[in-house]
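Working notes, structure below.
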Amino acid sequence: MLRTEDLSIRFGGLSALSNVNFELRRDEIRAIIGPNGAGKSTFFNCLTGVLKPSAGRILFNGEDITGLPPNRISQKGIARSYQITNILPNATTLENVRIAAQSRRHSWSMLSHHAAYRDVIEKAEAALAAVGLEGKEYELAANLSHGEQRTLEIAIALATEPTLLCLDEPTAGMSAGETHDTVELVRRIAKDLTILIVEHDMEVVMGLAQRITVLHYGSILAEGTPAEIQQNPRVLEVYLKT
Ligand SMILES: Nc1ncnc2c1ncn2[C@@H]1O[C@H](COP(=O)(O)OP(=O)(O)O)[C@@H](O)[C@H]1O
Ligand SMILES: [Mg+2]
């Protein structure tokens, strides 16, 4: 479904990603782990068009999407949730999701049609129900708990109807209970989608991912099943050192 070929990006003198060759199969749940600054968020930024790679290619369903703007990539079916919150605090929960649902549609004119507007609202409501935020539609996003706001971010991503969902540290700052609920949520939505997840919580990673890719200083250090990664001497060395 997704392949990167020698994907590289530099920020001045810093090689944030160098020659990353990555492959993801449809329906997989893949975790990306690695120390702080390894390039995990930068990798997502390249995949979703937020940053343009300095070299290399990104292929999505065989199509070269390298350097396309974020809205084009979103329309092709890649969505992401941000590590740092991406919510409009003074809009309602439903409004936040509706804007995302609408962005997947190309034409502005269709919004003048009442039926099409209903359709967008229904998609937004479905995305909220999918994450368990039904009943909170008319709350201001600012009034949701931290955990609910992180969940809303997943609903915003789902509202664009992706086939590949990239989650950047979805459990960051969550309580144990919220983390547990998020794991269940990711498992549930993974039935219909391919998932790429950056996550620090090793229990979450080991419980969710079928395969794990370890990034270290912008390069792939190791790849394998959770059991293989847990026993990989190079991985152990990196994690014991940090
Ligand atoms: N927009 C940017 N401009 C300059 N440097 C950046 C930018 N984004 C990330 N970096 C640097 O690239 C490296 C990788 O960052 P990042 O992808 O955020 O790491 P991770 O998500 O794995 O913690 C870090 O050294 C970071 O400081
Ligand atoms: Mg990051």
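Residue names in the structure tokens use chain letters A, B, ... in the order shown, residue numbers from 1 in each chain, and ligand numbers from 1 in the order shown.
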
What does the list of residues within 6 Å of ligand 1 look like if you count only C-alpha atoms and all ligand atoms, written as a ChimeraX atom specification? /A:11,16,36-42

Output the selection as a JSON list (two decimals), in the first residue's frame - C-alpha atoms for each residue.
[["chain", "number", "residue", "atom", "x", "y", "z"],
["A", 11, "PHE", "CA", 17.09, 20.61, 7.79],
["A", 16, "ALA", "CA", 16.40, 14.10, 9.78],
["A", 36, "ASN", "CA", 13.27, 11.40, 20.65],
["A", 37, "GLY", "CA", 14.50, 13.17, 17.55],
["A", 38, "ALA", "CA", 14.81, 9.92, 15.55],
["A", 39, "GLY", "CA", 12.67, 11.39, 12.75],
["A", 40, "LYS", "CA", 9.30, 9.72, 13.45],
["A", 41, "SER", "CA", 7.16, 12.86, 13.20],
["A", 42, "THR", "CA", 9.23, 14.06, 10.25]]

Which polymer residues have any atom within 12 Å of an atom of His180 (chain A), counting only C-alpha atoms, with same-chain residues fewer than 2 positions away left out, as a list in words?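 The contact residues come out as Gly147, Pro170, Thr171, Met174, Ser175, Ala176, Gly177, Glu178, Thr182, Val183, Glu184, Leu185, Val186, Arg187, Asp201, Glu203, Val204, Val205, Gly207 and Leu208 of chain A.
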
Please check which protein, DNA or RNA residues sit within 12 Å of ligand 2, counting only C-alpha atoms and all ligand atoms, and write them as a VMD selection string. chain A and resid 16 32 to 45 81 to 84 167 to 170 172 197 to 200 215 218

Give me, as a PDB file with N, CA, C and O atoms, in the first residue's frame, the residues of region 3-242 of chain A that a backbone DSSP run labels strand (DSSP E or B).
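Result went into states.pdb, see below:
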ATOM      1  N   ARG A   3       5.010   2.678   0.038  1.00  0.00           N
ATOM      2  CA  ARG A   3       6.436   2.368  -0.070  1.00  0.00           C
ATOM      3  C   ARG A   3       7.219   3.666  -0.143  1.00  0.00           C
ATOM      4  O   ARG A   3       6.808   4.593  -0.836  1.00  0.00           O
ATOM      5  N   THR A   4       8.307   3.737   0.599  1.00  0.00           N
ATOM      6  CA  THR A   4       9.209   4.871   0.408  1.00  0.00           C
ATOM      7  C   THR A   4      10.506   4.315  -0.165  1.00  0.00           C
ATOM      8  O   THR A   4      10.943   3.221   0.188  1.00  0.00           O
ATOM      9  N   GLU A   5      11.071   5.090  -1.069  1.00  0.00           N
ATOM     10  CA  GLU A   5      12.326   4.697  -1.712  1.00  0.00           C
ATOM     11  C   GLU A   5      13.381   5.752  -1.413  1.00  0.00           C
ATOM     12  O   GLU A   5      13.246   6.896  -1.854  1.00  0.00           O
ATOM     13  N   ASP A   6      14.368   5.375  -0.621  1.00  0.00           N
ATOM     14  CA  ASP A   6      15.485   6.282  -0.275  1.00  0.00           C
ATOM     15  C   ASP A   6      14.983   7.652   0.176  1.00  0.00           C
ATOM     16  O   ASP A   6      15.556   8.679  -0.200  1.00  0.00           O
ATOM     17  N   LEU A   7      13.922   7.652   0.962  1.00  0.00           N
ATOM     18  CA  LEU A   7      13.342   8.916   1.429  1.00  0.00           C
ATOM     19  C   LEU A   7      14.323   9.636   2.354  1.00  0.00           C
ATOM     20  O   LEU A   7      14.813   9.063   3.327  1.00  0.00           O
ATOM     21  N   SER A   8      14.600  10.884   2.017  1.00  0.00           N
ATOM     22  CA  SER A   8      15.576  11.666   2.786  1.00  0.00           C
ATOM     23  C   SER A   8      15.078  13.092   2.934  1.00  0.00           C
ATOM     24  O   SER A   8      14.458  13.637   2.031  1.00  0.00           O
ATOM     25  N   ILE A   9      15.378  13.676   4.095  1.00  0.00           N
ATOM     26  CA  ILE A   9      15.090  15.096   4.273  1.00  0.00           C
ATOM     27  C   ILE A   9      16.151  15.706   5.178  1.00  0.00           C
ATOM     28  O   ILE A   9      16.573  15.097   6.170  1.00  0.00           O
ATOM     29  N   ARG A  10      16.597  16.891   4.775  1.00  0.00           N
ATOM     30  CA  ARG A  10      17.607  17.606   5.552  1.00  0.00           C
ATOM     31  C   ARG A  10      17.021  18.905   6.058  1.00  0.00           C
ATOM     32  O   ARG A  10      16.239  19.546   5.378  1.00  0.00           O
ATOM     33  N   PHE A  11      17.386  19.271   7.275  1.00  0.00           N
ATOM     34  CA  PHE A  11      17.093  20.610   7.788  1.00  0.00           C
ATOM     35  C   PHE A  11      18.449  21.282   7.982  1.00  0.00           C
ATOM     36  O   PHE A  11      19.130  20.984   8.964  1.00  0.00           O
ATOM     37  N   LEU A  14      21.319  19.102   9.269  1.00  0.00           N
ATOM     38  CA  LEU A  14      20.835  17.903   9.956  1.00  0.00           C
ATOM     39  C   LEU A  14      20.086  16.986   8.987  1.00  0.00           C
ATOM     40  O   LEU A  14      19.155  17.411   8.315  1.00  0.00           O
ATOM     41  N   SER A  15      20.511  15.718   8.930  1.00  0.00           N
ATOM     42  CA  SER A  15      19.782  14.728   8.144  1.00  0.00           C
ATOM     43  C   SER A  15      18.699  14.113   9.025  1.00  0.00           C
ATOM     44  O   SER A  15      18.988  13.220   9.813  1.00  0.00           O
ATOM     45  N   ALA A  16      17.479  14.606   8.916  1.00  0.00           N
ATOM     46  CA  ALA A  16      16.405  14.099   9.784  1.00  0.00           C
ATOM     47  C   ALA A  16      15.932  12.722   9.320  1.00  0.00           C
ATOM     48  O   ALA A  16      15.503  11.901  10.131  1.00  0.00           O
ATOM     49  N   LEU A  17      15.990  12.473   8.009  1.00  0.00           N
ATOM     50  CA  LEU A  17      15.720  11.134   7.463  1.00  0.00           C
ATOM     51  C   LEU A  17      16.745  10.878   6.376  1.00  0.00           C
ATOM     52  O   LEU A  17      16.974  11.745   5.526  1.00  0.00           O
ATOM     53  N   SER A  18      17.383   9.706   6.410  1.00  0.00           N
ATOM     54  CA  SER A  18      18.302   9.407   5.323  1.00  0.00           C
ATOM     55  C   SER A  18      18.060   8.025   4.745  1.00  0.00           C
ATOM     56  O   SER A  18      18.135   7.018   5.445  1.00  0.00           O
ATOM     57  N   ASN A  19      17.702   8.021   3.490  1.00  0.00           N
ATOM     58  CA  ASN A  19      17.523   6.786   2.709  1.00  0.00           C
ATOM     59  C   ASN A  19      16.620   5.774   3.405  1.00  0.00           C
ATOM     60  O   ASN A  19      16.989   4.625   3.596  1.00  0.00           O
ATOM     61  N   VAL A  20      15.438   6.244   3.765  1.00  0.00           N
ATOM     62  CA  VAL A  20      14.471   5.358   4.419  1.00  0.00           C
ATOM     63  C   VAL A  20      13.726   4.564   3.344  1.00  0.00           C
ATOM     64  O   VAL A  20      13.047   5.133   2.491  1.00  0.00           O
ATOM     65  N   ASN A  21      13.890   3.255   3.395  1.00  0.00           N
ATOM     66  CA  ASN A  21      13.166   2.344   2.505  1.00  0.00           C
ATOM     67  C   ASN A  21      12.185   1.561   3.359  1.00  0.00           C
ATOM     68  O   ASN A  21      12.571   0.725   4.165  1.00  0.00           O
ATOM     69  N   PHE A  22      10.924   1.904   3.189  1.00  0.00           N
ATOM     70  CA  PHE A  22       9.889   1.431   4.099  1.00  0.00           C
ATOM     71  C   PHE A  22       8.763   0.859   3.266  1.00  0.00           C
ATOM     72  O   PHE A  22       8.409   1.407   2.217  1.00  0.00           O
ATOM     73  N   GLU A  23       8.199  -0.260   3.723  1.00  0.00           N
ATOM     74  CA  GLU A  23       7.064  -0.853   3.013  1.00  0.00           C
ATOM     75  C   GLU A  23       5.989  -1.245   3.990  1.00  0.00           C
ATOM     76  O   GLU A  23       6.283  -1.813   5.040  1.00  0.00           O
ATOM     77  N   LEU A  24       4.763  -0.945   3.624  1.00  0.00           N
ATOM     78  CA  LEU A  24       3.624  -1.245   4.488  1.00  0.00           C
ATOM     79  C   LEU A  24       2.562  -1.965   3.671  1.00  0.00           C
ATOM     80  O   LEU A  24       2.205  -1.509   2.583  1.00  0.00           O
ATOM     81  N   ILE A  29      -1.205  -3.267  11.058  1.00  0.00           N
ATOM     82  CA  ILE A  29      -0.984  -2.246  12.092  1.00  0.00           C
ATOM     83  C   ILE A  29       0.517  -2.226  12.323  1.00  0.00           C
ATOM     84  O   ILE A  29       1.091  -3.201  12.816  1.00  0.00           O
ATOM     85  N   ARG A  30       1.151  -1.132  11.945  1.00  0.00           N
ATOM     86  CA  ARG A  30       2.601  -1.019  12.068  1.00  0.00           C
ATOM     87  C   ARG A  30       2.942   0.090  13.055  1.00  0.00           C
ATOM     88  O   ARG A  30       2.386   1.185  12.977  1.00  0.00           O
ATOM     89  N   ALA A  31       3.826  -0.215  13.980  1.00  0.00           N
ATOM     90  CA  ALA A  31       4.306   0.818  14.896  1.00  0.00           C
ATOM     91  C   ALA A  31       5.664   1.301  14.446  1.00  0.00           C
ATOM     92  O   ALA A  31       6.483   0.516  13.949  1.00  0.00           O
ATOM     93  N   ILE A  32       5.894   2.592  14.626  1.00  0.00           N
ATOM     94  CA  ILE A  32       7.222   3.161  14.428  1.00  0.00           C
ATOM     95  C   ILE A  32       7.690   3.650  15.789  1.00  0.00           C
ATOM     96  O   ILE A  32       7.003   4.436  16.446  1.00  0.00           O
ATOM     97  N   ILE A  33       8.823   3.133  16.215  1.00  0.00           N
ATOM     98  CA  ILE A  33       9.371   3.551  17.506  1.00  0.00           C
ATOM     99  C   ILE A  33      10.783   4.088  17.277  1.00  0.00           C
ATOM    100  O   ILE A  33      11.366   3.922  16.201  1.00  0.00           O
ATOM    101  N   ALA A  55      15.007  14.216  -0.985  1.00  0.00           N
ATOM    102  CA  ALA A  55      15.306  13.213  -2.009  1.00  0.00           C
ATOM    103  C   ALA A  55      14.457  11.976  -1.737  1.00  0.00           C
ATOM    104  O   ALA A  55      13.932  11.793  -0.637  1.00  0.00           O
ATOM    105  N   GLY A  56      14.337  11.152  -2.749  1.00  0.00           N
ATOM    106  CA  GLY A  56      13.601   9.900  -2.611  1.00  0.00           C
ATOM    107  C   GLY A  56      12.145  10.042  -3.039  1.00  0.00           C
ATOM    108  O   GLY A  56      11.702  11.122  -3.432  1.00  0.00           O
ATOM    109  N   ARG A  57      11.422   8.915  -2.983  1.00  0.00           N
ATOM    110  CA  ARG A  57      10.031   8.893  -3.461  1.00  0.00           C
ATOM    111  C   ARG A  57       9.116   8.258  -2.434  1.00  0.00           C
ATOM    112  O   ARG A  57       9.532   7.410  -1.643  1.00  0.00           O
ATOM    113  N   ILE A  58       7.848   8.653  -2.487  1.00  0.00           N
ATOM    114  CA  ILE A  58       6.798   8.031  -1.679  1.00  0.00           C
ATOM    115  C   ILE A  58       5.738   7.517  -2.647  1.00  0.00           C
ATOM    116  O   ILE A  58       5.196   8.283  -3.446  1.00  0.00           O
ATOM    117  N   LEU A  59       5.457   6.220  -2.578  1.00  0.00           N
ATOM    118  CA  LEU A  59       4.452   5.613  -3.450  1.00  0.00           C
ATOM    119  C   LEU A  59       3.290   5.132  -2.595  1.00  0.00           C
ATOM    120  O   LEU A  59       3.497   4.427  -1.594  1.00  0.00           O
ATOM    121  N   PHE A  60       2.093   5.544  -2.964  1.00  0.00           N
ATOM    122  CA  PHE A  60       0.886   5.136  -2.247  1.00  0.00           C
ATOM    123  C   PHE A  60      -0.014   4.426  -3.244  1.00  0.00           C
ATOM    124  O   PHE A  60      -0.393   5.010  -4.261  1.00  0.00           O
ATOM    125  N   GLU A  63       1.171   4.808  -6.708  1.00  0.00           N
ATOM    126  CA  GLU A  63       1.211   6.135  -7.313  1.00  0.00           C
ATOM    127  C   GLU A  63       2.226   7.019  -6.583  1.00  0.00           C
ATOM    128  O   GLU A  63       2.269   7.032  -5.354  1.00  0.00           O
ATOM    129  N   ASP A  64       3.005   7.745  -7.349  1.00  0.00           N
ATOM    130  CA  ASP A  64       4.008   8.633  -6.747  1.00  0.00           C
ATOM    131  C   ASP A  64       3.316   9.867  -6.170  1.00  0.00           C
ATOM    132  O   ASP A  64       2.729  10.654  -6.905  1.00  0.00           O
ATOM    133  N   ILE A  78      -4.834   9.293   2.768  1.00  0.00           N
ATOM    134  CA  ILE A  78      -3.931   9.229   3.929  1.00  0.00           C
ATOM    135  C   ILE A  78      -4.354  10.312   4.918  1.00  0.00           C
ATOM    136  O   ILE A  78      -4.485  11.485   4.541  1.00  0.00           O
ATOM    137  N   ALA A  79      -4.587   9.930   6.171  1.00  0.00           N
ATOM    138  CA  ALA A  79      -4.921  10.900   7.214  1.00  0.00           C
ATOM    139  C   ALA A  79      -3.955  10.727   8.360  1.00  0.00           C
ATOM    140  O   ALA A  79      -3.350   9.675   8.530  1.00  0.00           O
ATOM    141  N   ARG A  80      -3.820  11.770   9.150  1.00  0.00           N
ATOM    142  CA  ARG A  80      -2.951  11.658  10.318  1.00  0.00           C
ATOM    143  C   ARG A  80      -3.534  12.473  11.457  1.00  0.00           C
ATOM    144  O   ARG A  80      -4.258  13.428  11.256  1.00  0.00           O
ATOM    145  N   SER A  81      -3.195  12.004  12.661  1.00  0.00           N
ATOM    146  CA  SER A  81      -3.483  12.832  13.819  1.00  0.00           C
ATOM    147  C   SER A  81      -2.152  13.366  14.303  1.00  0.00           C
ATOM    148  O   SER A  81      -1.124  12.708  14.177  1.00  0.00           O
ATOM    149  N   THR A  92     -17.440  23.643  18.140  1.00  0.00           N
ATOM    150  CA  THR A  92     -17.971  22.454  18.810  1.00  0.00           C
ATOM    151  C   THR A  92     -17.248  21.206  18.299  1.00  0.00           C
ATOM    152  O   THR A  92     -16.567  21.233  17.268  1.00  0.00           O
ATOM    153  N   LEU A 140     -18.146  22.607  23.295  1.00  0.00           N
ATOM    154  CA  LEU A 140     -16.978  23.255  22.706  1.00  0.00           C
ATOM    155  C   LEU A 140     -15.782  22.330  22.893  1.00  0.00           C
ATOM    156  O   LEU A 140     -15.617  21.718  23.964  1.00  0.00           O
ATOM    157  N   LEU A 164      -5.427   4.848   4.928  1.00  0.00           N
ATOM    158  CA  LEU A 164      -4.238   4.750   5.774  1.00  0.00           C
ATOM    159  C   LEU A 164      -4.304   5.849   6.825  1.00  0.00           C
ATOM    160  O   LEU A 164      -4.429   7.025   6.490  1.00  0.00           O
ATOM    161  N   LEU A 165      -4.263   5.440   8.088  1.00  0.00           N
ATOM    162  CA  LEU A 165      -4.336   6.405   9.191  1.00  0.00           C
ATOM    163  C   LEU A 165      -3.004   6.412   9.934  1.00  0.00           C
ATOM    164  O   LEU A 165      -2.547   5.366  10.404  1.00  0.00           O
ATOM    165  N   CYS A 166      -2.397   7.593  10.014  1.00  0.00           N
ATOM    166  CA  CYS A 166      -1.131   7.753  10.726  1.00  0.00           C
ATOM    167  C   CYS A 166      -1.412   8.430  12.064  1.00  0.00           C
ATOM    168  O   CYS A 166      -1.947   9.542  12.094  1.00  0.00           O
ATOM    169  N   LEU A 167      -1.074   7.777  13.150  1.00  0.00           N
ATOM    170  CA  LEU A 167      -1.331   8.309  14.491  1.00  0.00           C
ATOM    171  C   LEU A 167       0.000   8.636  15.147  1.00  0.00           C
ATOM    172  O   LEU A 167       0.840   7.752  15.324  1.00  0.00           O
ATOM    173  N   ASP A 168       0.178   9.926  15.513  1.00  0.00           N
ATOM    174  CA  ASP A 168       1.440  10.338  16.130  1.00  0.00           C
ATOM    175  C   ASP A 168       1.245  10.445  17.641  1.00  0.00           C
ATOM    176  O   ASP A 168       0.656  11.408  18.125  1.00  0.00           O
ATOM    177  N   THR A 194      -5.709   0.633   7.349  1.00  0.00           N
ATOM    178  CA  THR A 194      -4.308   0.340   7.649  1.00  0.00           C
ATOM    179  C   THR A 194      -3.820   1.415   8.615  1.00  0.00           C
ATOM    180  O   THR A 194      -4.165   2.583   8.451  1.00  0.00           O
ATOM    181  N   ILE A 195      -3.045   0.999   9.619  1.00  0.00           N
ATOM    182  CA  ILE A 195      -2.636   1.941  10.668  1.00  0.00           C
ATOM    183  C   ILE A 195      -1.116   1.990  10.799  1.00  0.00           C
ATOM    184  O   ILE A 195      -0.455   0.963  10.888  1.00  0.00           O
ATOM    185  N   LEU A 196      -0.623   3.224  10.822  1.00  0.00           N
ATOM    186  CA  LEU A 196       0.784   3.476  11.156  1.00  0.00           C
ATOM    187  C   LEU A 196       0.759   4.268  12.448  1.00  0.00           C
ATOM    188  O   LEU A 196       0.131   5.330  12.499  1.00  0.00           O
ATOM    189  N   ILE A 197       1.423   3.783  13.477  1.00  0.00           N
ATOM    190  CA  ILE A 197       1.332   4.452  14.768  1.00  0.00           C
ATOM    191  C   ILE A 197       2.720   4.701  15.357  1.00  0.00           C
ATOM    192  O   ILE A 197       3.539   3.778  15.435  1.00  0.00           O
ATOM    193  N   VAL A 198       2.970   5.962  15.712  1.00  0.00           N
ATOM    194  CA  VAL A 198       4.174   6.309  16.465  1.00  0.00           C
ATOM    195  C   VAL A 198       3.766   6.311  17.927  1.00  0.00           C
ATOM    196  O   VAL A 198       2.768   6.941  18.284  1.00  0.00           O
ATOM    197  N   ARG A 211       3.834  -5.554  13.215  1.00  0.00           N
ATOM    198  CA  ARG A 211       5.255  -5.364  12.949  1.00  0.00           C
ATOM    199  C   ARG A 211       5.683  -4.002  13.475  1.00  0.00           C
ATOM    200  O   ARG A 211       4.867  -3.087  13.603  1.00  0.00           O
ATOM    201  N   ILE A 212       6.970  -3.897  13.774  1.00  0.00           N
ATOM    202  CA  ILE A 212       7.530  -2.670  14.327  1.00  0.00           C
ATOM    203  C   ILE A 212       8.722  -2.252  13.480  1.00  0.00           C
ATOM    204  O   ILE A 212       9.542  -3.097  13.092  1.00  0.00           O
ATOM    205  N   THR A 213       8.795  -0.947  13.196  1.00  0.00           N
ATOM    206  CA  THR A 213       9.972  -0.382  12.538  1.00  0.00           C
ATOM    207  C   THR A 213      10.657   0.529  13.551  1.00  0.00           C
ATOM    208  O   THR A 213      10.003   1.361  14.168  1.00  0.00           O
ATOM    209  N   VAL A 214      11.949   0.349  13.724  1.00  0.00           N
ATOM    210  CA  VAL A 214      12.703   1.176  14.669  1.00  0.00           C
ATOM    211  C   VAL A 214      13.523   2.198  13.892  1.00  0.00           C
ATOM    212  O   VAL A 214      14.358   1.833  13.065  1.00  0.00           O
ATOM    213  N   LEU A 215      13.245   3.471  14.158  1.00  0.00           N
ATOM    214  CA  LEU A 215      14.016   4.555  13.552  1.00  0.00           C
ATOM    215  C   LEU A 215      15.054   5.031  14.559  1.00  0.00           C
ATOM    216  O   LEU A 215      14.786   5.128  15.752  1.00  0.00           O
ATOM    217  N   HIS A 216      16.233   5.346  14.033  1.00  0.00           N
ATOM    218  CA  HIS A 216      17.314   5.830  14.881  1.00  0.00           C
ATOM    219  C   HIS A 216      18.148   6.785  14.049  1.00  0.00           C
ATOM    220  O   HIS A 216      18.655   6.392  13.004  1.00  0.00           O
ATOM    221  N   SER A 219      17.386   6.806  10.299  1.00  0.00           N
ATOM    222  CA  SER A 219      17.522   5.591   9.486  1.00  0.00           C
ATOM    223  C   SER A 219      16.788   4.439  10.150  1.00  0.00           C
ATOM    224  O   SER A 219      16.585   4.446  11.370  1.00  0.00           O
ATOM    225  N   ILE A 220      16.420   3.446   9.358  1.00  0.00           N
ATOM    226  CA  ILE A 220      15.775   2.264   9.924  1.00  0.00           C
ATOM    227  C   ILE A 220      16.849   1.379  10.558  1.00  0.00           C
ATOM    228  O   ILE A 220      17.766   0.914   9.885  1.00  0.00           O
ATOM    229  N   LEU A 221      16.713   1.197  11.873  1.00  0.00           N
ATOM    230  CA  LEU A 221      17.688   0.388  12.618  1.00  0.00           C
ATOM    231  C   LEU A 221      17.283  -1.079  12.618  1.00  0.00           C
ATOM    232  O   LEU A 221      18.128  -1.973  12.581  1.00  0.00           O
ATOM    233  N   ALA A 222      15.988  -1.324  12.681  1.00  0.00           N
ATOM    234  CA  ALA A 222      15.504  -2.710  12.734  1.00  0.00           C
ATOM    235  C   ALA A 222      14.040  -2.736  12.351  1.00  0.00           C
ATOM    236  O   ALA A 222      13.341  -1.726  12.440  1.00  0.00           O
ATOM    237  N   GLU A 223      13.592  -3.928  11.940  1.00  0.00           N
ATOM    238  CA  GLU A 223      12.188  -4.118  11.608  1.00  0.00           C
ATOM    239  C   GLU A 223      11.832  -5.560  11.934  1.00  0.00           C
ATOM    240  O   GLU A 223      12.648  -6.452  11.730  1.00  0.00           O
ATOM    241  N   GLY A 224      10.653  -5.775  12.484  1.00  0.00           N
ATOM    242  CA  GLY A 224      10.259  -7.155  12.774  1.00  0.00           C
ATOM    243  C   GLY A 224       9.008  -7.222  13.619  1.00  0.00           C
ATOM    244  O   GLY A 224       8.371  -6.197  13.888  1.00  0.00           O
TER     245      GLY A 224
END

Which residues are near Val97 (chain A)? Cut-off 12 Å, only C-alpha atoms, ignore same chain within fewer than 6 positions. Put them as a short mmCIF file (atom, residue, chain, number, x, y, z; two decimals) with N, CA and C atoms, in the first residue's frame.
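Below is the file around16.cif, written as the result:
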data_model
loop_
_atom_site.label_atom_id
_atom_site.label_comp_id
_atom_site.auth_asym_id
_atom_site.auth_seq_id
_atom_site.Cartn_x
_atom_site.Cartn_y
_atom_site.Cartn_z
N ASN A 86 -4.47 19.68 17.18
CA ASN A 86 -4.81 20.28 15.89
C ASN A 86 -6.27 20.70 15.88
N ILE A 87 -6.81 20.90 17.09
CA ILE A 87 -8.25 21.12 17.23
C ILE A 87 -8.56 22.61 17.27
N LEU A 88 -9.74 23.00 16.76
CA LEU A 88 -10.22 24.37 16.92
C LEU A 88 -10.97 24.44 18.25
N ALA A 91 -14.65 25.90 18.50
CA ALA A 91 -15.71 25.28 17.70
C ALA A 91 -16.23 24.07 18.47
N SER A 103 -13.66 18.59 3.87
CA SER A 103 -12.43 18.80 3.12
C SER A 103 -12.15 17.66 2.16
N ARG A 104 -12.72 16.49 2.45
CA ARG A 104 -12.51 15.35 1.56
C ARG A 104 -13.22 15.56 0.23
N VAL A 120 -22.57 15.46 4.74
CA VAL A 120 -21.35 15.80 5.46
C VAL A 120 -21.58 15.70 6.97
N ILE A 121 -22.72 16.19 7.43
CA ILE A 121 -23.05 16.12 8.86
C ILE A 121 -23.14 14.65 9.29
N GLU A 122 -23.76 13.83 8.45
CA GLU A 122 -23.89 12.41 8.80
C GLU A 122 -22.52 11.73 8.89
N LYS A 123 -21.63 12.09 7.98
CA LYS A 123 -20.27 11.54 8.02
C LYS A 123 -19.56 11.96 9.31
N ALA A 124 -19.76 13.24 9.68
CA ALA A 124 -19.13 13.77 10.89
C ALA A 124 -19.69 13.05 12.12
N GLU A 125 -21.00 12.84 12.14
CA GLU A 125 -21.61 12.16 13.28
C GLU A 125 -21.13 10.71 13.35
N ALA A 126 -20.98 10.08 12.20
CA ALA A 126 -20.50 8.70 12.18
C ALA A 126 -19.07 8.61 12.72
N ALA A 127 -18.25 9.59 12.36
CA ALA A 127 -16.85 9.60 12.84
C ALA A 127 -16.83 9.78 14.36
N LEU A 128 -17.71 10.64 14.89
CA LEU A 128 -17.77 10.84 16.34
C LEU A 128 -18.25 9.57 17.04
N ALA A 129 -19.24 8.90 16.44
CA ALA A 129 -19.74 7.66 17.03
C ALA A 129 -18.66 6.58 17.01
N ALA A 130 -17.87 6.56 15.94
CA ALA A 130 -16.82 5.54 15.80
C ALA A 130 -15.79 5.64 16.92
N VAL A 131 -15.57 6.84 17.44
CA VAL A 131 -14.59 7.00 18.51
C VAL A 131 -15.23 7.09 19.89
N LEU A 133 -17.53 9.43 20.89
CA LEU A 133 -17.80 10.80 21.36
C LEU A 133 -19.24 11.23 21.05
N GLU A 134 -20.11 10.27 20.74
CA GLU A 134 -21.50 10.66 20.52
C GLU A 134 -22.06 11.19 21.84
N LYS A 136 -21.41 14.27 22.69
CA LYS A 136 -20.58 15.45 22.98
C LYS A 136 -20.56 16.41 21.79
N GLU A 137 -21.45 16.17 20.82
CA GLU A 137 -21.43 16.94 19.56
C GLU A 137 -21.41 18.44 19.77
N TYR A 138 -22.20 18.92 20.76
CA TYR A 138 -22.39 20.37 20.88
C TYR A 138 -21.56 20.98 22.01
N ALA A 141 -14.96 22.22 21.87
CA ALA A 141 -13.81 21.32 21.95
C ALA A 141 -12.93 21.67 23.15
N GLN A 149 -10.06 15.14 23.85
CA GLN A 149 -9.53 15.96 22.75
C GLN A 149 -8.63 15.11 21.85
N THR A 151 -8.96 11.96 21.39
CA THR A 151 -9.89 11.09 20.68
C THR A 151 -10.58 11.84 19.55
N LEU A 152 -10.90 13.12 19.83
CA LEU A 152 -11.50 13.96 18.79
C LEU A 152 -10.55 14.09 17.59
N GLU A 153 -9.26 14.16 17.87
CA GLU A 153 -8.29 14.23 16.77
C GLU A 153 -8.38 13.00 15.87
N ILE A 154 -8.62 11.86 16.49
CA ILE A 154 -8.76 10.63 15.69
C ILE A 154 -10.04 10.71 14.86
N ALA A 155 -11.11 11.25 15.45
CA ALA A 155 -12.38 11.41 14.71
C ALA A 155 -12.19 12.36 13.53
N ILE A 156 -11.43 13.44 13.74
CA ILE A 156 -11.16 14.40 12.66
C ILE A 156 -10.44 13.69 11.52
N ALA A 157 -9.47 12.85 11.87
CA ALA A 157 -8.74 12.10 10.84
C ALA A 157 -9.68 11.11 10.13
N LEU A 158 -10.54 10.43 10.90
CA LEU A 158 -11.44 9.43 10.31
C LEU A 158 -12.47 10.08 9.37
N ALA A 159 -12.84 11.32 9.69
CA ALA A 159 -13.86 12.01 8.90
C ALA A 159 -13.42 12.25 7.46
N THR A 160 -12.12 12.22 7.21
CA THR A 160 -11.64 12.39 5.84
C THR A 160 -11.67 11.05 5.08
N GLU A 161 -12.21 10.02 5.72
CA GLU A 161 -12.38 8.69 5.11
C GLU A 161 -11.08 8.13 4.55
#

Which of region 35-173 of chain A DSSP labels helix (DSSP H, G or I), written as a ChimeraX atom specification: /A:40-47,70-76,93-103,109-112,114-130,141-143,146-158

Which distance in Å separates CA of Leu51 (chain A) and CA of Ala142 (chain A), to one decimal?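 Computed distance, CA of Leu51 (chain A) to CA of Ala142 (chain A), equals 28.2 Å.
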
Nearby residues (only C-alpha atoms) at most 6 Å from Gly77 (chain A), same-chain spacing under 3 positions excluded, as a list in words: Ser74, Pro162 and Thr163 of chain A

CA of Val50 (chain A) and CA of Pro69 (chain A) are how many Å apart?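 Distance between the two atoms: 7.1 Å.
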